[in-house]
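Student: final19.cif (mmCIF, C-alpha atoms) pasted underneath:
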```cif
data_model
#
loop_
_atom_site.group_PDB
_atom_site.id
_atom_site.type_symbol
_atom_site.label_atom_id
_atom_site.label_comp_id
_atom_site.auth_asym_id
_atom_site.auth_seq_id
_atom_site.Cartn_x
_atom_site.Cartn_y
_atom_site.Cartn_z
ATOM 1 C CA MET V 1 -3.337 -5.429 -0.771
ATOM 2 C CA LEU V 2 -3.276 -1.666 -0.599
ATOM 3 C CA PRO V 3 -6.226 -0.328 1.376
ATOM 4 C CA LYS V 4 -9.353 0.676 -0.462
ATOM 5 C CA THR V 5 -8.996 4.192 0.964
ATOM 6 C CA TRP V 6 -5.838 5.488 2.595
ATOM 7 C CA ARG V 7 -3.528 8.411 3.221
ATOM 8 C CA ILE V 8 -0.148 9.217 4.729
ATOM 9 C CA HIS V 9 0.252 11.138 7.973
ATOM 10 C CA CYS V 10 3.462 13.100 8.414
ATOM 11 C CA GLU V 11 4.164 13.465 12.127
ATOM 12 C CA GLU V 12 6.670 15.986 13.403
ATOM 13 C CA LEU V 13 8.929 14.495 16.061
ATOM 14 C CA TYR V 14 11.514 17.191 16.561
ATOM 15 C CA ARG V 15 12.471 20.624 15.351
ATOM 16 C CA SER V 16 15.144 22.780 16.790
ATOM 17 C CA ALA V 17 13.723 26.210 16.094
ATOM 18 C CA GLY V 18 11.403 28.330 14.056
ATOM 19 C CA SER V 19 8.625 27.641 11.654
ATOM 20 C CA TYR V 20 9.326 25.418 8.719
ATOM 21 C CA TYR V 21 7.906 23.215 6.046
ATOM 22 C CA ILE V 22 8.687 19.637 5.166
ATOM 23 C CA HIS V 23 7.931 18.829 1.594
ATOM 24 C CA ALA V 24 7.812 15.068 1.366
ATOM 25 C CA ARG V 25 7.340 13.545 -2.053
ATOM 26 C CA LEU V 26 6.352 9.910 -2.286
ATOM 27 C CA THR V 27 7.004 8.141 -5.563
ATOM 28 C CA MET V 28 5.376 4.753 -5.897
ATOM 29 C CA ILE V 29 5.600 1.869 -8.302
ATOM 30 C CA ARG V 30 2.391 -0.077 -7.757
ATOM 31 C CA TRP V 31 1.626 -3.667 -8.666
ATOM 32 C CA ARG V 32 -1.260 -6.090 -8.782
ATOM 33 C CA TYR V 33 -2.065 -9.522 -10.077
ATOM 34 C CA VAL V 34 -3.997 -9.767 -13.323
ATOM 35 C CA ASP V 35 -5.027 -13.258 -14.337
ATOM 36 C CA GLY V 36 -2.447 -14.620 -11.927
ATOM 37 C CA VAL V 37 0.440 -12.553 -13.297
ATOM 38 C CA ARG V 38 2.138 -9.827 -11.280
ATOM 39 C CA THR V 39 1.735 -6.605 -13.246
ATOM 40 C CA TYR V 40 3.313 -3.220 -12.543
ATOM 41 C CA ASP V 41 1.829 0.172 -13.200
ATOM 42 C CA ASP V 42 3.027 1.732 -16.436
ATOM 43 C CA THR V 43 3.866 5.008 -14.750
ATOM 44 C CA GLU V 44 5.074 6.156 -11.368
ATOM 45 C CA HIS V 45 2.480 7.525 -8.998
ATOM 46 C CA THR V 46 3.602 10.602 -7.107
ATOM 47 C CA PHE V 47 2.026 12.651 -4.373
ATOM 48 C CA ASP V 48 3.230 15.261 -1.940
ATOM 49 C CA ILE V 49 2.826 16.061 1.716
ATOM 50 C CA ASP V 50 3.450 19.578 2.912
ATOM 51 C CA CYS V 51 4.039 19.016 6.582
ATOM 52 C CA THR V 52 3.708 22.197 8.598
ATOM 53 C CA PRO V 53 2.915 22.771 12.244
ATOM 54 C CA ALA V 54 -0.026 24.993 11.386
ATOM 55 C CA GLY V 55 -1.230 23.316 8.231
ATOM 56 C CA SER V 56 -2.246 19.937 6.962
ATOM 57 C CA VAL V 57 0.093 17.092 7.742
ATOM 58 C CA TYR V 58 -1.791 14.547 5.668
ATOM 59 C CA SER V 59 -1.451 13.530 2.073
ATOM 60 C CA ALA V 60 -4.457 13.678 -0.190
ATOM 61 C CA THR V 61 -6.776 10.729 0.234
ATOM 62 C CA GLN V 62 -5.725 7.853 -1.999
ATOM 63 C CA ASP V 63 -8.619 5.999 -3.625
ATOM 64 C CA ASN V 64 -7.795 2.404 -4.538
ATOM 65 C CA SER V 65 -11.382 1.268 -5.024
ATOM 66 C CA SER V 66 -11.188 1.077 -8.799
ATOM 67 C CA ASP V 67 -7.526 0.321 -9.509
ATOM 68 C CA LYS V 68 -7.200 -2.267 -6.723
ATOM 69 C CA TRP V 69 -3.430 -2.085 -6.481
ATOM 70 C CA GLN V 70 -2.104 -4.806 -4.224
ATOM 71 C CA GLY V 71 1.268 -3.390 -3.283
ATOM 72 C CA ALA V 72 3.703 -0.581 -3.881
ATOM 73 C CA ASP V 73 7.403 0.100 -3.573
ATOM 74 C CA VAL V 74 7.828 3.639 -2.327
ATOM 75 C CA VAL V 75 10.690 6.118 -2.365
ATOM 76 C CA VAL V 76 10.410 9.170 -0.134
ATOM 77 C CA GLU V 77 12.239 12.365 -0.945
ATOM 78 C CA GLY V 78 12.142 15.400 1.261
ATOM 79 C CA ARG V 79 13.068 19.006 1.334
ATOM 80 C CA GLY V 80 12.956 21.433 4.226
ATOM 81 C CA GLU V 81 12.616 25.175 4.241
ATOM 82 C CA ALA V 82 15.777 27.051 5.037
ATOM 83 C CA SER V 83 14.440 28.463 8.298
ATOM 84 C CA PHE V 84 14.712 25.255 10.238
ATOM 85 C CA ASN V 85 17.846 23.915 11.846
ATOM 86 C CA THR V 86 17.156 20.306 12.747
ATOM 87 C CA ILE V 87 14.006 18.304 12.043
ATOM 88 C CA GLN V 88 12.809 14.759 12.398
ATOM 89 C CA PHE V 89 9.552 13.160 11.322
ATOM 90 C CA ARG V 90 7.864 9.852 10.673
ATOM 91 C CA LEU V 91 5.241 8.711 8.221
ATOM 92 C CA TRP V 92 2.173 6.667 9.143
ATOM 93 C CA LEU V 93 -0.217 4.734 6.970
ATOM 94 C CA GLU V 94 -3.820 5.592 7.784
ATOM 95 C CA VAL V 95 -6.794 3.536 6.609
ATOM 96 C CA SER V 96 -10.442 4.392 6.106
ATOM 97 C CA THR V 97 -13.226 1.862 5.670
ATOM 98 C CA ASP V 98 -15.931 4.490 5.115
ATOM 99 C CA GLY V 99 -14.557 6.063 1.970
ATOM 100 C CA GLY V 100 -12.470 8.769 3.597
ATOM 101 C CA THR V 101 -14.591 10.275 6.369
ATOM 102 C CA THR V 102 -12.676 8.733 9.266
ATOM 103 C CA PHE V 103 -9.142 7.335 9.314
ATOM 104 C CA ALA V 104 -7.196 5.112 11.685
ATOM 105 C CA ARG V 105 -3.471 4.572 11.665
ATOM 106 C CA MET V 106 -1.519 1.353 11.463
ATOM 107 C CA PRO V 107 0.643 0.415 14.463
ATOM 108 C CA ILE V 108 4.112 0.708 12.953
ATOM 109 C CA PRO V 109 5.323 3.793 11.078
ATOM 110 C CA LEU V 110 6.240 3.404 7.433
ATOM 111 C CA LEU V 111 9.276 5.583 7.871
ATOM 112 C CA TYR V 112 11.151 6.946 10.894
ATOM 113 C CA THR V 113 13.736 9.490 9.863
ATOM 114 C CA PRO V 114 16.930 10.551 11.596
ATOM 115 C CA ARG V 115 17.342 14.165 12.598
ATOM 116 C CA PHE V 116 18.181 16.087 9.466
ATOM 117 C CA THR V 117 20.363 19.122 9.854
ATOM 118 C CA SER V 118 20.332 20.221 6.238
ATOM 119 C CA ALA V 119 17.576 21.930 4.301
ATOM 120 C CA SER V 120 17.916 19.353 1.572
ATOM 121 C CA PHE V 121 17.541 15.675 2.370
ATOM 122 C CA THR V 122 16.634 13.904 -0.807
ATOM 123 C CA GLU V 123 15.773 10.215 -0.771
ATOM 124 C CA VAL V 124 14.772 10.111 2.851
ATOM 125 C CA GLY V 125 13.885 6.454 2.748
ATOM 126 C CA ARG V 126 12.252 3.493 1.075
ATOM 127 C CA PHE V 127 9.501 1.172 2.156
ATOM 128 C CA ALA V 128 6.838 -1.111 0.760
ATOM 129 C CA ILE V 129 3.100 -1.096 1.310
ATOM 130 C CA GLY V 130 0.900 -4.070 0.684
ATOM 131 C CA GLY V 131 1.379 -7.714 1.192
ATOM 132 C CA ASP V 132 1.553 -11.230 -0.002
ATOM 133 C CA PRO V 133 -1.268 -11.976 -2.447
ATOM 134 C CA CYS V 134 -2.210 -15.075 -0.462
ATOM 135 C CA LEU V 135 -2.140 -13.483 2.973
ATOM 136 C CA GLY V 136 -4.048 -10.346 2.262
ATOM 137 C CA MET P 137 -6.716 -15.814 3.824
ATOM 138 C CA LEU P 138 -9.420 -14.872 6.272
ATOM 139 C CA PRO P 139 -10.668 -17.955 8.128
ATOM 140 C CA LYS P 140 -13.656 -19.895 6.832
ATOM 141 C CA THR P 141 -15.506 -19.122 10.040
ATOM 142 C CA TYR P 142 -14.360 -16.363 12.361
ATOM 143 C CA ARG P 143 -15.449 -13.757 14.855
ATOM 144 C CA LEU P 144 -13.892 -10.948 16.879
ATOM 145 C CA ARG P 145 -13.748 -10.781 20.669
ATOM 146 C CA LEU P 146 -13.372 -7.566 22.658
ATOM 147 C CA GLU P 147 -11.682 -7.534 26.066
ATOM 148 C CA ASN P 148 -12.196 -4.717 28.544
ATOM 149 C CA GLU P 149 -9.435 -4.160 31.101
ATOM 150 C CA THR P 150 -9.900 -0.490 31.857
ATOM 151 C CA GLY P 151 -11.491 -0.444 35.294
ATOM 152 C CA GLN P 152 -14.736 0.903 33.825
ATOM 153 C CA THR P 153 -17.786 -0.538 32.104
ATOM 154 C CA LEU P 154 -17.926 0.105 28.370
ATOM 155 C CA PRO P 155 -21.463 1.104 27.374
ATOM 156 C CA SER P 156 -23.332 -0.708 24.634
ATOM 157 C CA GLY P 157 -22.701 0.770 21.207
ATOM 158 C CA ASP P 158 -19.344 2.276 22.114
ATOM 159 C CA ALA P 159 -17.166 -0.241 20.272
ATOM 160 C CA VAL P 160 -17.353 -1.102 16.607
ATOM 161 C CA VAL P 161 -15.120 -2.715 13.998
ATOM 162 C CA THR P 162 -15.528 -2.069 10.283
ATOM 163 C CA SER P 163 -13.734 -3.563 7.309
ATOM 164 C CA ASN P 164 -12.997 -3.391 3.629
ATOM 165 C CA ARG P 165 -12.315 -6.965 2.541
ATOM 166 C CA TRP P 166 -10.938 -8.117 -0.790
ATOM 167 C CA ARG P 167 -10.824 -11.301 -2.855
ATOM 168 C CA TYR P 168 -9.974 -12.457 -6.325
ATOM 169 C CA ALA P 169 -12.685 -12.338 -8.971
ATOM 170 C CA SER P 170 -11.728 -13.885 -12.285
ATOM 171 C CA GLY P 171 -8.065 -13.548 -11.413
ATOM 172 C CA THR P 172 -8.085 -9.891 -10.391
ATOM 173 C CA PRO P 173 -8.533 -8.347 -6.933
ATOM 174 C CA SER P 174 -11.922 -7.004 -5.894
ATOM 175 C CA PHE P 175 -13.049 -4.988 -2.863
ATOM 176 C CA ASP P 176 -16.340 -5.234 -1.020
ATOM 177 C CA SER P 177 -18.129 -2.262 0.491
ATOM 178 C CA GLU P 178 -17.675 -1.269 4.120
ATOM 179 C CA ARG P 179 -18.937 -3.930 6.518
ATOM 180 C CA THR P 180 -19.474 -3.971 10.266
ATOM 181 C CA GLU P 181 -17.435 -6.841 11.659
ATOM 182 C CA TYR P 182 -18.153 -6.278 15.335
ATOM 183 C CA SER P 183 -20.524 -4.159 17.370
ATOM 184 C CA LEU P 184 -20.870 -4.042 21.152
ATOM 185 C CA THR P 185 -24.559 -4.692 21.776
ATOM 186 C CA SER P 186 -24.628 -4.729 25.580
ATOM 187 C CA ASP P 187 -22.655 -3.109 28.362
ATOM 188 C CA LEU P 188 -19.251 -4.726 28.842
ATOM 189 C CA SER P 189 -18.022 -4.689 32.413
ATOM 190 C CA ASP P 190 -14.400 -4.355 33.430
ATOM 191 C CA GLY P 191 -12.477 -7.627 33.381
ATOM 192 C CA SER P 192 -14.802 -9.326 30.918
ATOM 193 C CA SER P 193 -14.986 -9.928 27.184
ATOM 194 C CA ASP P 194 -17.586 -10.127 24.455
ATOM 195 C CA ALA P 195 -17.623 -12.306 21.328
ATOM 196 C CA GLY P 196 -19.024 -10.748 18.185
ATOM 197 C CA ALA P 197 -21.293 -12.368 15.655
ATOM 198 C CA THR P 198 -20.084 -15.344 13.634
ATOM 199 C CA ARG P 199 -18.694 -14.425 10.233
ATOM 200 C CA ASP P 200 -19.134 -16.945 7.434
ATOM 201 C CA ASN P 201 -16.352 -16.811 4.824
ATOM 202 C CA SER P 202 -17.232 -20.077 3.106
ATOM 203 C CA SER P 203 -18.256 -20.287 -0.539
ATOM 204 C CA GLY P 204 -21.784 -20.836 0.679
ATOM 205 C CA ALA P 205 -21.957 -17.463 2.412
ATOM 206 C CA ALA P 206 -24.607 -15.016 1.267
ATOM 207 C CA ASP P 207 -21.937 -12.789 -0.311
ATOM 208 C CA GLY P 208 -20.025 -15.695 -1.843
ATOM 209 C CA GLY P 209 -17.334 -15.696 0.849
ATOM 210 C CA LEU P 210 -13.724 -16.628 0.095
ATOM 211 C CA TRP P 211 -12.426 -13.203 1.103
ATOM 212 C CA VAL P 212 -8.647 -13.259 1.124
ATOM 213 C CA GLY P 213 -7.993 -10.392 3.489
ATOM 214 C CA GLY P 214 -9.128 -7.021 4.621
ATOM 215 C CA TRP P 215 -8.315 -3.717 6.243
ATOM 216 C CA PHE P 216 -10.066 -3.385 9.576
ATOM 217 C CA VAL P 217 -10.665 -0.277 11.668
ATOM 218 C CA PHE P 218 -11.181 -0.791 15.417
ATOM 219 C CA GLU P 219 -13.014 1.998 17.185
ATOM 220 C CA VAL P 220 -13.837 2.461 20.848
ATOM 221 C CA ASP P 221 -15.304 5.436 22.684
ATOM 222 C CA ALA P 222 -13.727 5.209 26.129
ATOM 223 C CA PRO P 223 -15.799 6.487 29.071
ATOM 224 C CA ALA P 224 -14.469 8.654 31.882
ATOM 225 C CA SER P 225 -11.932 7.411 34.433
ATOM 226 C CA VAL P 226 -10.530 4.597 32.322
ATOM 227 C CA SER P 227 -7.043 3.243 32.954
ATOM 228 C CA GLY P 228 -5.842 0.171 31.121
ATOM 229 C CA TYR P 229 -6.602 -1.270 27.712
ATOM 230 C CA TYR P 230 -9.101 -2.675 25.269
ATOM 231 C CA ALA P 231 -8.044 -5.601 23.101
ATOM 232 C CA TRP P 232 -9.562 -7.464 20.188
ATOM 233 C CA TYR P 233 -8.851 -11.075 19.311
ATOM 234 C CA LEU P 234 -9.588 -13.017 16.135
ATOM 235 C CA GLU P 235 -11.263 -16.326 16.978
ATOM 236 C CA VAL P 236 -11.526 -19.220 14.552
ATOM 237 C CA SER P 237 -13.924 -22.127 14.227
ATOM 238 C CA THR P 238 -13.245 -25.146 12.024
ATOM 239 C CA ASP P 239 -16.639 -26.730 12.559
ATOM 240 C CA GLY P 240 -18.782 -23.937 11.215
ATOM 241 C CA GLY P 241 -19.245 -22.040 14.475
ATOM 242 C CA SER P 242 -19.944 -24.669 17.149
ATOM 243 C CA THR P 243 -16.567 -24.522 18.887
ATOM 244 C CA TRP P 244 -14.088 -21.659 19.147
ATOM 245 C CA ASP P 245 -10.806 -20.700 20.704
ATOM 246 C CA ASP P 246 -11.011 -20.447 24.445
ATOM 247 C CA ALA P 247 -11.855 -16.896 25.462
ATOM 248 C CA LEU P 248 -8.859 -14.552 25.144
ATOM 249 C CA SER P 249 -6.846 -17.316 23.442
ATOM 250 C CA GLY P 250 -7.502 -16.234 19.856
ATOM 251 C CA VAL P 251 -5.066 -14.301 17.735
ATOM 252 C CA PRO P 252 -4.360 -10.892 19.314
ATOM 253 C CA VAL P 253 -5.202 -8.286 16.702
ATOM 254 C CA VAL P 254 -5.020 -4.939 18.420
ATOM 255 C CA ARG P 255 -4.541 -3.509 21.899
ATOM 256 C CA ILE P 256 -5.618 0.046 22.604
ATOM 257 C CA ASP P 257 -4.176 1.568 25.765
ATOM 258 C CA VAL P 258 -6.357 4.257 27.289
ATOM 259 C CA SER P 259 -5.931 6.681 30.148
ATOM 260 C CA SER P 260 -8.641 9.204 29.334
ATOM 261 C CA SER P 261 -12.089 9.329 27.801
ATOM 262 C CA GLY P 262 -12.677 9.772 24.097
ATOM 263 C CA LEU P 263 -12.822 8.139 20.723
ATOM 264 C CA VAL P 264 -9.832 6.055 19.647
ATOM 265 C CA ARG P 265 -9.317 4.328 16.310
ATOM 266 C CA ARG P 266 -6.678 1.896 15.125
ATOM 267 C CA SER P 267 -6.368 0.020 11.847
ATOM 268 C CA ARG P 268 -4.983 -3.427 11.158
ATOM 269 C CA ARG P 269 -4.638 -5.670 8.166
ATOM 270 C CA LEU P 270 -6.066 -9.150 8.535
ATOM 271 C CA PRO P 271 -5.068 -11.877 8.531
ATOM 272 C CA VAL P 272 -2.299 -10.777 10.876
#
```
Output the file's structure in the form of structure tokens.

Tutor:
Amino acid sequence: MLPKTWRIHCEELYRSAGSYYIHARLTMIRWRYVDGVRTYDDTEHTFDIDCTPAGSVYSATQDNSSDKWQGADVVVEGRGEASFNTIQFRLWLEVSTDGGTTFARMPIPLLYTPRFTSASFTEVGRFAIGGDPCLG
Amino acid sequence: MLPKTYRLRLENETGQTLPSGDAVVTSNRWRYASGTPSFDSERTEYSLTSDLSDGSSDAGATRDNSSGAADGGLWVGGWFVFEVDAPASVSGYYAWYLEVSTDGGSTWDDALSGVPVVRIDVSSSGLVRRSRRLPV
């Protein structure tokens, strides 16, 4: 099950020099069971994280309270500003039980990138969120 | 599936007493309703109601997940947030365990023999939160 309320945290691990931006775009195909049948979303769900040292490093809060998606296959694409030389980051899943006031992160990162040395690094990685419909 | 009867146990191995009220666990559980997933509202799964000395543990209240529970029970899983406000001079860890009863709450796992759910290492005071999906 995807959490009722969640977001993605983009954590900077390494940068060689200068200020920079990481634009991470997550594209998700979400699924859920309806009357016992696994059903996919009709459209892709996309959201962005603009990861900067001085700015927000979190995605917008994702509200699953109404849709109740149970899982998602995610593709991450990234793009860095030209001013950086080498960067590395990882993505964490953070969960809120109070509707988005406080968040806590899961123990294992969703994605742990290598050190990119190019300003363009499309399709950074793939991962899945959510679980077996019987296990929760 | 969450157990029919369960509770959470908190272990304190930090060298310092944890004051009452400084540890809490909240959840958003989910279950199937007419073949589709359904969330509940935020629920307190564990709350420290008396001081917990170093080297000891505390079992939370019994949670009834049977069909006869007041809320209908049969929750499949949930996202849990574990929160502790560490006092000064701590060095060590807090850990929560999931304990199960098959006889409706009369007998449980031996203390600290339940399923380890989360361990929070601490070396300074302050609020720490971690999330986990249950069942593990």

Student: Between atom CA of P:Gly228 and atom CA of V:Thr101, what is the spacing in Å?

Tutor: 28.1 Å

Student: Expand the PyMOL selection byres ((chain P) within 12 of (chain V)) into the explicit residue set it covers here, and present it as a PyMOL selection string.

Tutor: chain P and resi 137-139+161-181+210-220+253-256+263-272

Student: Store the residues picked out above, limited to C-alpha atoms, as a CSV table (one decimal), in the frame of the given file.

Tutor:
```
chain,number,residue,atom,x,y,z
P,137,MET,CA,-6.7,-15.8,3.8
P,138,LEU,CA,-9.4,-14.9,6.3
P,139,PRO,CA,-10.7,-18.0,8.1
P,161,VAL,CA,-15.1,-2.7,14.0
P,162,THR,CA,-15.5,-2.1,10.3
P,163,SER,CA,-13.7,-3.6,7.3
P,164,ASN,CA,-13.0,-3.4,3.6
P,165,ARG,CA,-12.3,-7.0,2.5
P,166,TRP,CA,-10.9,-8.1,-0.8
P,167,ARG,CA,-10.8,-11.3,-2.9
P,168,TYR,CA,-10.0,-12.5,-6.3
P,169,ALA,CA,-12.7,-12.3,-9.0
P,170,SER,CA,-11.7,-13.9,-12.3
P,171,GLY,CA,-8.1,-13.5,-11.4
P,172,THR,CA,-8.1,-9.9,-10.4
P,173,PRO,CA,-8.5,-8.3,-6.9
P,174,SER,CA,-11.9,-7.0,-5.9
P,175,PHE,CA,-13.0,-5.0,-2.9
P,176,ASP,CA,-16.3,-5.2,-1.0
P,177,SER,CA,-18.1,-2.3,0.5
P,178,GLU,CA,-17.7,-1.3,4.1
P,179,ARG,CA,-18.9,-3.9,6.5
P,180,THR,CA,-19.5,-4.0,10.3
P,181,GLU,CA,-17.4,-6.8,11.7
P,210,LEU,CA,-13.7,-16.6,0.1
P,211,TRP,CA,-12.4,-13.2,1.1
P,212,VAL,CA,-8.6,-13.3,1.1
P,213,GLY,CA,-8.0,-10.4,3.5
P,214,GLY,CA,-9.1,-7.0,4.6
P,215,TRP,CA,-8.3,-3.7,6.2
P,216,PHE,CA,-10.1,-3.4,9.6
P,217,VAL,CA,-10.7,-0.3,11.7
P,218,PHE,CA,-11.2,-0.8,15.4
P,219,GLU,CA,-13.0,2.0,17.2
P,220,VAL,CA,-13.8,2.5,20.8
P,253,VAL,CA,-5.2,-8.3,16.7
P,254,VAL,CA,-5.0,-4.9,18.4
P,255,ARG,CA,-4.5,-3.5,21.9
P,256,ILE,CA,-5.6,0.0,22.6
P,263,LEU,CA,-12.8,8.1,20.7
P,264,VAL,CA,-9.8,6.1,19.6
P,265,ARG,CA,-9.3,4.3,16.3
P,266,ARG,CA,-6.7,1.9,15.1
P,267,SER,CA,-6.4,0.0,11.8
P,268,ARG,CA,-5.0,-3.4,11.2
P,269,ARG,CA,-4.6,-5.7,8.2
P,270,LEU,CA,-6.1,-9.2,8.5
P,271,PRO,CA,-5.1,-11.9,8.5
P,272,VAL,CA,-2.3,-10.8,10.9
```

Student: So how far away is atom CA of V:Gln88 from atom CA of V:Glu11, in Å?

Tutor: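 These atoms are spaced 8.7 Å apart.
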
Student: Quick one: apply the PyMOL selection byres ((chain V and resi 28) around 10) to the file and drop the selected residues here as a ChimeraX atom specification.

Tutor: /V:25-27,29-31,41,43-47,71-76,126-129

Student: As an exercise, work out the distance from atom CA of V:Asp42 to atom CA of V:Ile22 in Å and give it to one decimal place.

Tutor: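 These atoms are spaced 28.6 Å apart.
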
Student: Residues at most 7 Å from V:Tyr112, counting only C-alpha atoms, excluding those fewer than 4 positions away in the same chain, as an mmCIF file with C-alpha atoms, in the frame of the given file?

Tutor:
```
data_model
loop_
_atom_site.group_PDB
_atom_site.id
_atom_site.type_symbol
_atom_site.label_atom_id
_atom_site.label_comp_id
_atom_site.auth_asym_id
_atom_site.auth_seq_id
_atom_site.Cartn_x
_atom_site.Cartn_y
_atom_site.Cartn_z
ATOM 1 C CA PHE V 89 9.552 13.160 11.322
ATOM 2 C CA ARG V 90 7.864 9.852 10.673
ATOM 3 C CA LEU V 91 5.241 8.711 8.221
#
```

Student: Residues at most 12 Å from P:Ala205, counting all atoms listed in the file, excluding those fewer than 6 positions away in the same chain, as a list in words?

Tutor: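 That gives Lys140, Thr141, Thr198, Arg199, Trp211 and Gly240 of chain P.
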
Student: Using only C-alpha atoms, please write the residues we just selected to a file, as a PDB file, in the frame of the given file.

Tutor:
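Output below, filename result-v9.pdb:
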```
ATOM      1  CA  LYS P 140     -13.656 -19.895   6.832  1.00  0.00           C
ATOM      2  CA  THR P 141     -15.506 -19.122  10.040  1.00  0.00           C
ATOM      3  CA  THR P 198     -20.084 -15.344  13.634  1.00  0.00           C
ATOM      4  CA  ARG P 199     -18.694 -14.425  10.233  1.00  0.00           C
ATOM      5  CA  TRP P 211     -12.426 -13.203   1.103  1.00  0.00           C
ATOM      6  CA  GLY P 240     -18.782 -23.937  11.215  1.00  0.00           C
TER       7      GLY P 240
END
```

Student: Excluding stretch 189-191 of chain P and residues on its chain fewer than 6 positions from it, collect all residues at most 6 Å away from it, counting all atoms listed in the file, and give them as a ChimeraX atom specification.

Tutor: /P:148-149,151-153

Student: Next, write the just-selected residues to a file, as a PDB file, in the frame of the given file, keeping C-alpha atoms as the atom set.

Tutor:
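In the end it all went to part15.pdb:
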```pdb
ATOM      1  CA  ASN P 148     -12.196  -4.717  28.544  1.00  0.00           C
ATOM      2  CA  GLU P 149      -9.435  -4.160  31.101  1.00  0.00           C
ATOM      3  CA  GLY P 151     -11.491  -0.444  35.294  1.00  0.00           C
ATOM      4  CA  GLN P 152     -14.736   0.903  33.825  1.00  0.00           C
ATOM      5  CA  THR P 153     -17.786  -0.538  32.104  1.00  0.00           C
TER       6      THR P 153
END
```
